[in-house]
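Chemist: Pasting a structure here, questions to come.
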Amino acid sequence: MELIIDNLSKTYSNGVKALQDVSLEIPTGMFGLLGPNGAGKSTLMRTIATLQEADKGTISLDGIDALKQKNEVRQILGYLPQQFGLYPRMSAEVLLNHFAVLKGISNKKERKELVKALLYKTNLYEVRKQNLSGYSGGMKQRFGIAQALLNNPKLLIVDEPTAGLDPLERNRFYNVLSELGENTIVILSTHIVEDVKELCTNMAIINQGQVLLKGNPREIIDGLEGKVYQKTIAKLELENYKSNYQVISERLFHGKPIIHILSDTNPGNGFSPIDADLEDVYFSQIFGIAANPKSIV
Ligand code: ADP
């Protein structure tokens, strides 16, 4: 199974170019669509999910023209939008059963089995009788996945699913998702680098509606190997370092900034070489910094 997006473009009526000639080839497995807020991720997700139109370009899913054959796509699609409403005074079990009825699963026994299996799969079986109003953010997201899986989708789209989840909940969510990727195309859109690092076999970085980089995370990271250096500096020195080096990230450790820079050669001056990480790739792409641009595209 493969989803092929070719030269997809979308400009909103206010002039915002949300997608500009986006081309991606997405095979079975987990695909991470990484980009900052406003990059165009939701626009792309909603277009693939047949919920909005593109201006130009094509989307093909194993021969199905996804922009035209919307009903065919919807039959094999599961979609977890960024925000979704739930009926707070219902239990997960009752609501999931209700959604299953709406999806046309009319055999009661079959429906009961399916609801039970999905509650187990999403780790909600123990709390199935609780009202959704008492669920944590992570539990709600896992319920969202359960409902998106009701029709056994071949293509599952999850839009920013881990935003606002604490680390433990995020991990539980990762565990549920990672079990799905084997026979399904799972597209995960996120601005959290860790989501992609933990889960995805393929990825793309997008910003301002454009694909900046795509491929396998390991190979993408290898492209920066030997070019990332780090140093702990004093806070007051930060601006100075920023004007003299290609600083790709800064974070505090015990109150002191640690900076990562990109450099083709060892910069000396107390910098030490480190293994490149996906964050280094991400920030260098988003900020348009490159030691040697040709080597990482
Ligand atoms: P992301 O999901 O990566 O945060 P979006 O696809 O939501 O990005 O948005 C991409 C750009 O399009 C943003 O600049 C956003 O403000 C704009 N945008 C999104 N939806 C609309 C809309 N319905 N009308 C006008 N502009 C929009």
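Each chain in the structure tokens gets a letter, A, B and so on, in the order shown; residues start at 1 in every chain, and ligands are counted from 1 in the order they appear.
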Determine, using only C-alpha atoms, which residues of range 110-212 of chain A have any atom at most 7 Å from an atom of range 93-98 of chain A, and tabulate each with its shortest atom pair and distance in Å to one decimal place, rows ordered by chain and then rising number, as a tab-separated table.
Modeler:
residue	atom	partner	partner_atom	distance
A:Arg111	CA	A:Asn97	CA	6.9
A:Val115	CA	A:Asn97	CA	6.2
A:Arg128	CA	A:Glu93	CA	5.1
A:Lys129	CA	A:Glu93	CA	6.3
A:Gln147	CA	A:Leu96	CA	6.3
Chemist: So that I can see what lies close to Gly268 in chain A, please list as a list in words the residues with an atom at most 10 Å from it, counting only C-alpha atoms and leaving out residues fewer than 4 positions away in the same chain.
Modeler: Tyr229, Ser272 and Pro273 of chain A
Chemist: Restricting it to N, CA, C and O atoms, dump the selection as a compact mmCIF listing (two decimals), in the first residue's frame.
Modeler:
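Just written: result_31.txt:
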# COMPACT_ATOMS: atom_id res chain seq x y z
N TYR A 229 28.45 20.20 16.81
CA TYR A 229 29.36 20.42 17.94
C TYR A 229 28.58 21.11 19.04
O TYR A 229 27.64 21.86 18.77
N SER A 272 32.91 20.60 21.50
CA SER A 272 33.19 19.18 21.32
C SER A 272 32.21 18.56 20.33
O SER A 272 31.02 18.93 20.30
N PRO A 273 32.72 17.62 19.51
CA PRO A 273 31.83 16.97 18.53
C PRO A 273 30.83 16.08 19.24
O PRO A 273 31.16 15.43 20.23
Chemist: Compile the contact shell of Asn152 in chain A as JSON, numbers by chain: residues with an atom at most 8 Å away, counting only C-alpha atoms, same-chain residues fewer than 3 positions apart removed.
Modeler: {"A": [76, 78, 149]}
Chemist: Export N, CA and C atoms of the chosen residues as a PDB file, in the first residue's frame?
Modeler:
ATOM      1  N   ILE A  76     -11.743   3.291   3.773  1.00  0.00           N
ATOM      2  CA  ILE A  76     -10.525   2.675   4.320  1.00  0.00           C
ATOM      3  C   ILE A  76      -9.741   3.662   5.188  1.00  0.00           C
ATOM      4  N   GLY A  78      -9.149   6.052   8.642  1.00  0.00           N
ATOM      5  CA  GLY A  78      -9.426   6.399  10.037  1.00  0.00           C
ATOM      6  C   GLY A  78      -8.778   7.752  10.290  1.00  0.00           C
ATOM      7  N   LEU A 149     -10.329   3.462  14.634  1.00  0.00           N
ATOM      8  CA  LEU A 149      -9.988   2.113  14.166  1.00  0.00           C
ATOM      9  C   LEU A 149     -11.212   1.225  13.916  1.00  0.00           C
TER      10      LEU A 149
END
Chemist: Report, in Å to a single decimal, how far apart CA of Leu212 in chain A and atom 15 (C, counted along the ligand's line) of ligand 1 are.
Modeler: 18.0 Å
Chemist: Any residue with an atom at most 10 Å from ligand 1 counts, using only C-alpha atoms and all ligand atoms. Which are they? Put them as a VMD selection string.
Modeler: chain A and resid 10 to 19 33 to 47 52 82 159 to 160 189 to 191 206 to 209
Chemist: May I have the selected residues written with C-alpha atoms, as a PDB file, in the first residue's frame?
Modeler:
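Ended up saving to out_17.pdb:
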ATOM      1  CA  LYS A  10      -3.498  25.115  -1.464  1.00  0.00           C
ATOM      2  CA  THR A  11      -3.874  28.863  -1.007  1.00  0.00           C
ATOM      3  CA  TYR A  12      -6.591  30.039   1.400  1.00  0.00           C
ATOM      4  CA  SER A  13      -8.852  32.918   0.423  1.00  0.00           C
ATOM      5  CA  ASN A  14      -6.869  35.216   2.757  1.00  0.00           C
ATOM      6  CA  GLY A  15      -3.788  34.590   0.584  1.00  0.00           C
ATOM      7  CA  VAL A  16      -1.983  32.183   2.954  1.00  0.00           C
ATOM      8  CA  LYS A  17      -0.101  29.581   0.932  1.00  0.00           C
ATOM      9  CA  ALA A  18      -0.713  26.611   3.222  1.00  0.00           C
ATOM     10  CA  LEU A  19       0.680  24.009   0.773  1.00  0.00           C
ATOM     11  CA  LEU A  33       4.982  14.822   9.324  1.00  0.00           C
ATOM     12  CA  LEU A  34       7.019  17.228  11.384  1.00  0.00           C
ATOM     13  CA  GLY A  35       6.749  21.002  11.332  1.00  0.00           C
ATOM     14  CA  PRO A  36       6.081  24.027  13.535  1.00  0.00           C
ATOM     15  CA  ASN A  37       2.624  25.472  14.129  1.00  0.00           C
ATOM     16  CA  GLY A  38       1.255  26.957  10.942  1.00  0.00           C
ATOM     17  CA  ALA A  39       3.468  24.793   8.699  1.00  0.00           C
ATOM     18  CA  GLY A  40       0.505  23.349   6.802  1.00  0.00           C
ATOM     19  CA  LYS A  41       0.260  19.957   8.489  1.00  0.00           C
ATOM     20  CA  SER A  42      -3.456  20.084   9.280  1.00  0.00           C
ATOM     21  CA  THR A  43      -4.254  21.392   5.821  1.00  0.00           C
ATOM     22  CA  LEU A  44      -2.430  18.411   4.325  1.00  0.00           C
ATOM     23  CA  MET A  45      -4.063  15.947   6.748  1.00  0.00           C
ATOM     24  CA  ARG A  46      -7.547  17.293   6.085  1.00  0.00           C
ATOM     25  CA  THR A  47      -6.985  17.177   2.329  1.00  0.00           C
ATOM     26  CA  GLN A  52     -11.105  19.831   2.086  1.00  0.00           C
ATOM     27  CA  GLN A  82      -6.634  17.779  16.329  1.00  0.00           C
ATOM     28  CA  ASP A 159      -3.184  15.122  13.698  1.00  0.00           C
ATOM     29  CA  GLU A 160      -1.018  16.425  16.581  1.00  0.00           C
ATOM     30  CA  SER A 189       1.494  15.028  12.245  1.00  0.00           C
ATOM     31  CA  THR A 190       3.366  16.705  15.060  1.00  0.00           C
ATOM     32  CA  HIS A 191       5.571  19.594  16.078  1.00  0.00           C
ATOM     33  CA  ILE A 206       7.514  20.860   6.368  1.00  0.00           C
ATOM     34  CA  ASN A 207       7.478  24.576   6.957  1.00  0.00           C
ATOM     35  CA  GLN A 208       5.456  27.356   5.334  1.00  0.00           C
ATOM     36  CA  GLY A 209       3.691  24.820   3.188  1.00  0.00           C
TER      37      GLY A 209
END
Chemist: Quick one: residues within 9 Å of Tyr125 in chain A, only C-alpha atoms counted, chain neighbours fewer than 6 positions away excluded, as a PyMOL selection string?
Modeler: chain A and resi 92-93+116-119
Chemist: Find the residue from A:Thr201, A:Asn171, A:Thr50, A:Gln210 that sits nearest to Ile185 in chain A; use only C-alpha atoms when measuring.
Modeler: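 Nearest to Ile185 in chain A: A:Thr201.
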Chemist: DSSP says strand (DSSP E or B) for which residues of range 98-176 of chain A? Put them as a list in words?
Modeler: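 These are the residues in question: Asn131, Leu155, Leu156, Ile157, Val158 and Asp159 of chain A.
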Chemist: Go ahead and save the picked residues with N, CA, C and O atoms, as an mmCIF file, in the first residue's frame.
Modeler:
data_model
loop_
_atom_site.group_PDB
_atom_site.id
_atom_site.type_symbol
_atom_site.label_atom_id
_atom_site.label_comp_id
_atom_site.auth_asym_id
_atom_site.auth_seq_id
_atom_site.Cartn_x
_atom_site.Cartn_y
_atom_site.Cartn_z
ATOM 1 N N ASN A 131 -17.339 7.612 32.767
ATOM 2 C CA ASN A 131 -17.753 8.649 31.826
ATOM 3 C C ASN A 131 -16.540 9.357 31.244
ATOM 4 O O ASN A 131 -15.538 9.560 31.938
ATOM 5 N N LEU A 155 -5.609 3.294 6.099
ATOM 6 C CA LEU A 155 -4.913 4.581 6.207
ATOM 7 C C LEU A 155 -5.432 5.284 7.461
ATOM 8 O O LEU A 155 -6.624 5.553 7.587
ATOM 9 N N LEU A 156 -4.513 5.543 8.380
ATOM 10 C CA LEU A 156 -4.908 6.195 9.631
ATOM 11 C C LEU A 156 -4.161 7.523 9.748
ATOM 12 O O LEU A 156 -2.931 7.566 9.624
ATOM 13 N N ILE A 157 -4.919 8.582 9.958
ATOM 14 C CA ILE A 157 -4.325 9.913 10.038
ATOM 15 C C ILE A 157 -4.544 10.458 11.438
ATOM 16 O O ILE A 157 -5.681 10.549 11.901
ATOM 17 N N VAL A 158 -3.455 10.796 12.117
ATOM 18 C CA VAL A 158 -3.594 11.379 13.456
ATOM 19 C C VAL A 158 -2.890 12.726 13.487
ATOM 20 O O VAL A 158 -1.702 12.837 13.213
ATOM 21 N N ASP A 159 -3.672 13.752 13.810
ATOM 22 C CA ASP A 159 -3.184 15.122 13.698
ATOM 23 C C ASP A 159 -2.808 15.660 15.083
ATOM 24 O O ASP A 159 -3.685 15.830 15.932
#
Chemist: Please compute the CA of Thr265 in chain A-CA of Glu239 in chain A distance, one decimal, in Å.
Modeler: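 So the answer is 21.7 Å.
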Chemist: Show me, as a PyMOL selection string, the residues that have an atom within 12 Å of Asp277 in chain A when counting only C-alpha atoms, minus same-chain residues fewer than 6 positions from it.
Modeler: chain A and resi 193-194+196-197+217-229+248-249+260+262+283-284
Chemist: From range 60-154 of chain A, collect each residue whose DSSP state is helix (DSSP H, G or I) and return the set as a VMD selection string.
Modeler: chain A and resid 70 to 75 92 to 102 108 to 121 125 to 127 132 to 134 137 to 148
Chemist: Do a neighbour search on range 28-30 of chain A at 10 Å with only C-alpha atoms, toss out local chain neighbours closer than 5 positions, and write the hits as a PyMOL selection string.
Modeler: chain A and resi 1-3+154-156+177-188+196+199-203
Chemist: Within 8 Å of Gln130 in chain A, counting only C-alpha atoms, which residues qualify if same-chain residues fewer than 5 places away don't, as a PyMOL selection string?
Modeler: chain A and resi 90-92+135
Chemist: Write a file of the just-selected residues containing N, CA, C and O atoms, as a PDB file, in the first residue's frame.
Modeler:
ATOM      1  N   MET A  90     -21.202  10.044  28.692  1.00  0.00           N
ATOM      2  CA  MET A  90     -21.310   8.633  28.277  1.00  0.00           C
ATOM      3  C   MET A  90     -20.020   7.923  28.644  1.00  0.00           C
ATOM      4  O   MET A  90     -18.959   8.534  28.698  1.00  0.00           O
ATOM      5  N   SER A  91     -20.112   6.631  28.815  1.00  0.00           N
ATOM      6  CA  SER A  91     -18.885   5.861  29.063  1.00  0.00           C
ATOM      7  C   SER A  91     -18.237   5.539  27.726  1.00  0.00           C
ATOM      8  O   SER A  91     -18.888   5.570  26.666  1.00  0.00           O
ATOM      9  N   ALA A  92     -16.950   5.207  27.775  1.00  0.00           N
ATOM     10  CA  ALA A  92     -16.211   4.862  26.555  1.00  0.00           C
ATOM     11  C   ALA A  92     -16.874   3.679  25.852  1.00  0.00           C
ATOM     12  O   ALA A  92     -17.029   3.669  24.634  1.00  0.00           O
ATOM     13  N   TYR A 135     -12.064  11.435  31.948  1.00  0.00           N
ATOM     14  CA  TYR A 135     -10.839  10.953  31.301  1.00  0.00           C
ATOM     15  C   TYR A 135      -9.769  12.042  31.257  1.00  0.00           C
ATOM     16  O   TYR A 135     -10.073  13.229  31.082  1.00  0.00           O
TER      17      TYR A 135
END
